[in-house]
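Data from coords_20.txt: compact mmCIF, C-alpha atoms and all ligand atoms
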```txt
# COMPACT_ATOMS: atom_id res chain seq x y z
CA MET A 173 0.00 0.00 0.00
CA ASP A 174 1.63 3.24 -1.06
CA MET A 175 1.26 6.65 0.47
CA LEU A 176 -1.44 7.76 -1.98
CA GLU A 177 -3.57 4.69 -1.40
CA ARG A 178 -3.39 5.09 2.37
CA THR A 179 -4.42 8.75 2.21
CA ALA A 180 -7.39 7.83 0.04
CA GLN A 181 -8.45 5.16 2.53
CA SER A 182 -8.23 7.44 5.54
CA ASN A 183 -10.22 10.05 3.61
CA GLY A 184 -12.84 7.43 2.98
CA ASP A 185 -12.96 6.58 6.70
CA LEU A 186 -13.38 10.23 7.55
CA GLN A 187 -16.16 10.60 5.01
CA GLN A 188 -17.90 7.58 6.45
CA THR A 189 -17.65 9.04 9.94
CA LEU A 190 -19.10 12.33 8.73
CA LEU A 191 -21.92 10.65 6.87
CA ALA A 192 -22.84 8.48 9.82
CA GLU A 193 -25.95 9.34 11.81
CA PRO A 194 -25.29 12.02 14.40
CA PRO A 195 -25.75 10.77 17.95
CA THR A 196 -29.40 11.14 18.77
CA ILE A 197 -30.29 13.01 21.90
CA GLU A 198 -33.82 12.46 23.06
CA PRO A 199 -35.60 15.64 24.14
CA GLU A 200 -36.21 14.05 27.51
CA GLN A 201 -32.48 13.98 28.16
CA PHE A 202 -32.33 17.75 28.09
CA ILE A 203 -34.78 18.21 30.91
CA SER A 204 -34.18 15.05 32.87
CA ALA A 205 -32.85 17.00 35.79
CA PRO A 206 -33.36 15.04 39.02
CA GLU A 207 -36.42 17.08 39.99
CA ALA A 208 -38.11 16.85 36.57
CA ASP A 209 -40.14 13.66 36.80
CA GLN A 210 -42.27 12.11 34.04
CA SER A 211 -45.38 14.03 35.07
CA ALA A 212 -43.58 17.31 34.49
CA TYR A 213 -43.13 16.60 30.79
CA PRO A 214 -44.64 17.68 28.49
CA LEU A 215 -45.90 20.95 29.95
CA THR A 216 -49.26 20.68 28.26
CA CYS A 217 -52.77 20.22 29.57
CA TYR A 218 -53.40 16.53 30.20
CA ARG A 219 -56.77 16.88 28.52
CA HIS A 220 -55.62 19.11 25.65
CA ALA A 221 -52.25 17.90 24.35
CA ALA A 222 -51.87 20.99 22.15
CA VAL A 223 -52.34 23.54 24.92
CA GLN A 224 -49.22 24.52 26.85
CA THR A 225 -49.69 25.49 30.45
CA GLY A 226 -47.82 26.15 33.64
CA LEU A 227 -50.90 25.57 35.76
CA ARG A 228 -51.23 22.41 37.85
CA CYS A 229 -54.02 20.76 39.73
CA ASN A 230 -53.14 21.21 43.38
CA ARG A 231 -54.49 17.77 44.28
CA CYS A 232 -53.07 15.39 41.62
CA ASN A 233 -50.34 17.74 40.37
CA ARG A 234 -51.15 17.21 36.69
CA HIS A 235 -50.93 20.10 34.26
CA ILE A 236 -54.21 21.71 33.29
CA CYS A 237 -54.98 24.57 30.95
CA ILE A 238 -56.92 27.56 32.18
CA LYS A 239 -60.02 26.30 30.34
CA CYS A 240 -60.02 23.00 32.24
CA ALA A 241 -58.97 24.36 35.61
CA ARG A 242 -61.72 24.80 38.17
CA ARG A 243 -61.15 27.40 40.81
CA THR A 244 -61.95 26.14 44.29
CA PRO A 245 -61.49 27.78 47.69
CA VAL A 246 -58.31 25.70 48.09
CA GLY A 247 -56.85 26.44 44.64
CA TYR A 248 -57.05 25.17 41.07
CA ARG A 249 -58.29 21.63 40.54
CA CYS A 250 -58.60 19.46 37.45
CA PRO A 251 -62.07 18.20 36.37
CA ASP A 252 -61.19 14.61 37.41
CA CYS A 253 -60.39 15.64 40.97
CA ILE A 254 -63.51 17.81 41.14
CA ARG A 255 -65.58 14.86 39.95
CA GLN A 256 -64.00 12.53 42.51
CA GLN A 257 -64.85 14.94 45.27
CA GLU A 258 -68.39 15.35 43.97
CA ASN A 259 -68.85 11.58 43.86
CA LYS A 260 -68.28 11.47 47.61
CA PHE A 261 -70.97 14.12 47.96
CA TYR A 262 -73.54 12.24 45.86
CA THR A 263 -75.00 9.48 47.96
CA GLY A 264 -77.87 8.55 45.63
CA LEU A 265 -78.60 5.06 44.37
CA VAL A 266 -79.25 4.06 40.76
CA TRP A 267 -82.95 3.45 41.31
CA ASP A 268 -83.37 6.92 42.80
CA TYR A 269 -83.75 8.09 39.20
CA LEU A 270 -86.62 5.68 38.71
CA ILE A 271 -88.25 6.78 41.98
CA ALA A 272 -87.79 10.42 40.95
CA ALA A 273 -89.39 9.76 37.56
CA LEU A 274 -92.33 7.89 39.12
CA VAL A 275 -92.99 10.78 41.48
CA ALA A 276 -92.18 13.63 39.10
CA PHE A 277 -94.11 12.62 35.98
CA PRO A 278 -97.64 12.37 37.52
CA LEU A 279 -96.99 15.54 39.52
CA ALA A 280 -95.73 17.37 36.45
CA PHE A 281 -98.82 16.40 34.43
CA ALA A 282 -101.13 17.44 37.27
CA ILE A 283 -99.31 20.76 37.60
CA VAL A 284 -99.40 21.54 33.89
CA VAL A 285 -103.10 20.62 33.63
CA GLY A 286 -103.82 22.79 36.67
CA PHE A 287 -101.89 25.66 35.11
CA TRP A 288 -103.64 25.19 31.82
CA TYR A 289 -107.09 25.68 33.37
CA VAL A 290 -106.04 28.56 35.61
CA LEU A 291 -104.48 30.32 32.63
CA PHE A 292 -107.75 30.05 30.74
CA GLU A 293 -109.95 31.13 33.63
CA PHE A 294 -108.24 34.34 34.66
CA GLY A 295 -106.94 35.92 31.45
CA PHE A 296 -104.47 38.70 32.15
CA ILE A 297 -104.30 38.02 35.90
CA SER A 298 -103.27 34.47 35.12
CA ILE A 299 -99.74 35.73 34.33
CA PHE A 300 -99.31 36.86 37.93
CA LEU A 301 -100.87 33.65 39.15
CA ALA A 302 -98.41 31.75 36.96
CA VAL A 303 -95.43 33.46 38.63
CA VAL A 304 -96.68 32.75 42.15
CA GLY A 305 -97.85 29.27 41.19
CA THR A 306 -94.52 28.37 39.57
CA CYS A 307 -92.60 29.10 42.76
CA TRP A 308 -94.99 27.03 44.78
CA VAL A 309 -95.55 23.97 42.56
CA SER A 310 -91.97 23.54 41.38
CA GLY A 311 -90.74 23.80 44.95
CA PHE A 312 -93.33 21.24 45.97
CA MET A 313 -92.29 18.92 43.13
CA ALA A 314 -88.62 19.12 44.09
CA ASP A 315 -89.40 18.56 47.76
CA ALA A 316 -91.65 15.58 46.98
CA VAL A 317 -88.88 13.91 44.95
CA HIS A 318 -86.31 14.77 47.58
CA TRP A 319 -88.48 13.12 50.20
CA ALA A 320 -89.22 10.08 47.99
CA VAL A 321 -85.49 9.32 47.54
CA ARG A 322 -84.94 9.67 51.30
CA ARG A 323 -82.96 12.89 50.78
CA ARG A 324 -80.15 11.08 48.98
CA ARG A 325 -78.29 13.33 46.56
CA SER A 326 -77.82 12.31 42.93
CA ARG A 327 -75.98 14.15 40.20
CA TYR A 328 -78.80 14.07 37.62
CA LEU A 329 -81.89 14.07 39.83
CA GLY A 330 -82.69 17.64 38.83
CA TYR A 331 -82.57 16.65 35.16
CA VAL A 332 -85.16 13.91 35.71
CA VAL A 333 -87.57 16.25 37.47
CA ALA A 334 -87.00 19.15 35.07
CA GLY A 335 -87.37 16.69 32.18
CA ALA A 336 -90.71 15.51 33.56
CA LEU A 337 -91.94 19.10 33.67
CA MET A 338 -90.75 19.74 30.13
CA ILE A 339 -92.29 16.58 28.69
CA ALA A 340 -95.59 17.23 30.49
CA SER A 341 -95.68 20.76 29.04
CA VAL A 342 -95.13 19.79 25.42
CA PRO A 343 -98.74 18.85 24.47
CA PHE A 344 -100.09 21.97 26.17
CA LEU A 345 -97.51 24.22 24.53
CA VAL A 346 -98.51 22.77 21.16
CA LEU A 347 -102.20 23.41 21.91
CA SER A 348 -101.42 26.99 23.00
CA LEU A 349 -99.59 27.55 19.74
CA LEU A 350 -102.38 26.02 17.65
CA TRP A 351 -105.00 28.15 19.37
CA LEU A 352 -102.63 31.13 19.49
CA ASP A 353 -103.46 31.57 23.16
CA ILE A 354 -100.87 34.11 24.23
CA PHE A 355 -101.61 33.93 27.96
CA SER A 356 -101.23 30.17 28.01
CA LEU A 357 -97.95 30.42 26.14
CA ILE A 358 -96.57 33.03 28.54
CA GLY A 359 -97.87 31.15 31.57
CA LEU A 360 -96.40 27.84 30.49
CA GLY A 361 -93.18 29.62 29.59
CA ILE A 362 -93.00 31.03 33.13
CA LEU A 363 -93.68 27.58 34.56
CA LEU A 364 -90.92 26.00 32.48
CA VAL A 365 -88.21 28.63 32.89
CA GLY A 366 -88.89 29.42 36.54
CA GLY A 367 -89.77 25.87 37.49
CA ILE A 368 -86.59 24.36 36.04
CA LYS A 369 -84.50 26.98 37.83
CA ILE A 370 -86.15 26.21 41.17
CA ILE A 371 -85.90 22.45 40.63
CA PHE A 372 -82.16 22.62 39.95
CA ALA A 373 -81.61 24.92 42.92
CA ARG A 374 -83.29 22.42 45.24
CA LEU A 375 -82.05 19.18 43.68
CA TYR A 376 -78.40 19.82 43.03
ZN ZN B 401 -56.43 16.78 39.76
ZN ZN B 402 -57.29 21.67 28.97
```
Kindly transcribe the structure held in the file into structure tokens.
Ligand SMILES: [Zn+2]
Ligand SMILES: [Zn+2]
Amino acid sequence: MDMLERTAQSNGDLQQTLLAEPPTIEPEQFISAPEADQSAYPLTCYRHAAVQTGLRCNRCNRHICIKCARRTPVGYRCPDCIRQQENKFYTGLVWDYLIAALVAFPLAFAIVVGFWYVLFEFGFISIFLAVVGTCWVSGFMADAVHWAVRRRRSRYLGYVVAGALMIASVPFLVLSLLWLDIFSLIGLGILLVGGIKIIFARLY
């Protein structure tokens, strides 16, 4: 092997070295300081991978974006932790929904029928009666269901009772529209809007 050949070979070795893949450094290696654990990377909301955030849930320590964070008296919490805490609060049983429906539907129909006749009997005054009546009957309905489920709390109990009131109102709303009875429409509207508000306030 002469001098020229050897130079060519070492050039080839050098070229090969240069062409070889550069050593790969994983991004994790840059931030794997002792205190940076797996949960600290990436710094994005655990529910929205595209949203960067510096905010953490103060219970589970996961990163949450400002949209997901719920402010509590003890600091920011993630929706999962909020839900876990709420689950401890809700003591209701599955069949409480059935009990609520069985109590709420007949009551709702009786209430709407009662409203319907009052609204026809008293004309303009019926609007005021509707306001007073709504407070009374929707409170009564919520209390009756609350009593029937032995005061157990369920997440969607209010939806069942409000749903009963809405479903019971539908045929009468349709009739009011067909007959273009403006007082009935307003009265039933008051019952629905006000009643649902009261029901949710009582059956959280
Ligand atoms: Zn959390
Ligand atoms: Zn988020």
| field | Residues within 12 Å of (-86.7, 8.4, 39.9), file coords, only C-alpha atoms, listed as a PyMOL selection string | value | chain A and resi 264-278+314+316-322+324-326+328-336
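Each of A:Asp252, A:Met338, A:Lys239, A:Arg219 was checked against ligand ZN 401 (chain B) using all atoms listed in the file; the smallest atom-to-atom distance is that of A:Asp252.
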Rows by chain and residue number, chain A within 8 Å of ligand ZN 402 (chain B), shortest pair, only C-alpha atoms and all ligand atoms, as a Markdown table:
```
| residue | atom | partner | partner_atom | distance |
| --- | --- | --- | --- | --- |
| A:Cys217 | CA | B:ZN402 | ZN | 4.8 |
| A:Tyr218 | CA | B:ZN402 | ZN | 6.6 |
| A:Arg219 | CA | B:ZN402 | ZN | 4.8 |
| A:His220 | CA | B:ZN402 | ZN | 4.5 |
| A:Ala221 | CA | B:ZN402 | ZN | 7.8 |
| A:Val223 | CA | B:ZN402 | ZN | 6.7 |
| A:Ile236 | CA | B:ZN402 | ZN | 5.3 |
| A:Cys237 | CA | B:ZN402 | ZN | 4.2 |
| A:Ile238 | CA | B:ZN402 | ZN | 6.7 |
| A:Lys239 | CA | B:ZN402 | ZN | 5.5 |
| A:Cys240 | CA | B:ZN402 | ZN | 4.5 |
| A:Ala241 | CA | B:ZN402 | ZN | 7.4 |
```
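Identified as lying at most 10 Å from ligand ZN 401 (chain B) when counting only C-alpha atoms and all ligand atoms are the residues A:Arg228, A:Cys229, A:Asn230, A:Arg231, A:Cys232, A:Asn233, A:Arg234, A:His235, A:Ile236, A:Ala241, A:Arg242, A:Tyr248, A:Arg249, A:Cys250, A:Pro251, A:Asp252, A:Cys253, A:Ile254, A:Arg255, A:Gln256.
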| Mind pulling up the distance from CA of Asp315 in chain A to CA of Leu375 in chain A? | 8.4 Å
How close does range 197-296 of chain A get to range 345-349 of chain A? List, as CSV, each residue of range 197-296 of chain A within 12 Å, its nearest atom pair and the distance in Å to one decimal, counting all atoms listed in the file.
```
residue,atom,partner,partner_atom,distance
A:Val284,CA,A:Leu345,CA,9.9
A:Val285,CA,A:Leu345,CA,11.3
A:Phe287,CA,A:Leu345,CA,11.5
A:Trp288,CA,A:Ser348,CA,9.3
A:Tyr289,CA,A:Ser348,CA,11.9
A:Leu291,CA,A:Ser348,CA,10.6
A:Phe292,CA,A:Ser348,CA,10.5
```
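If you measure from each of A:Leu227, A:Ile354, A:Ala282, A:Val309 to Gly366 in chain A using all atoms listed in the file, the closest one turns out to be A:Val309.
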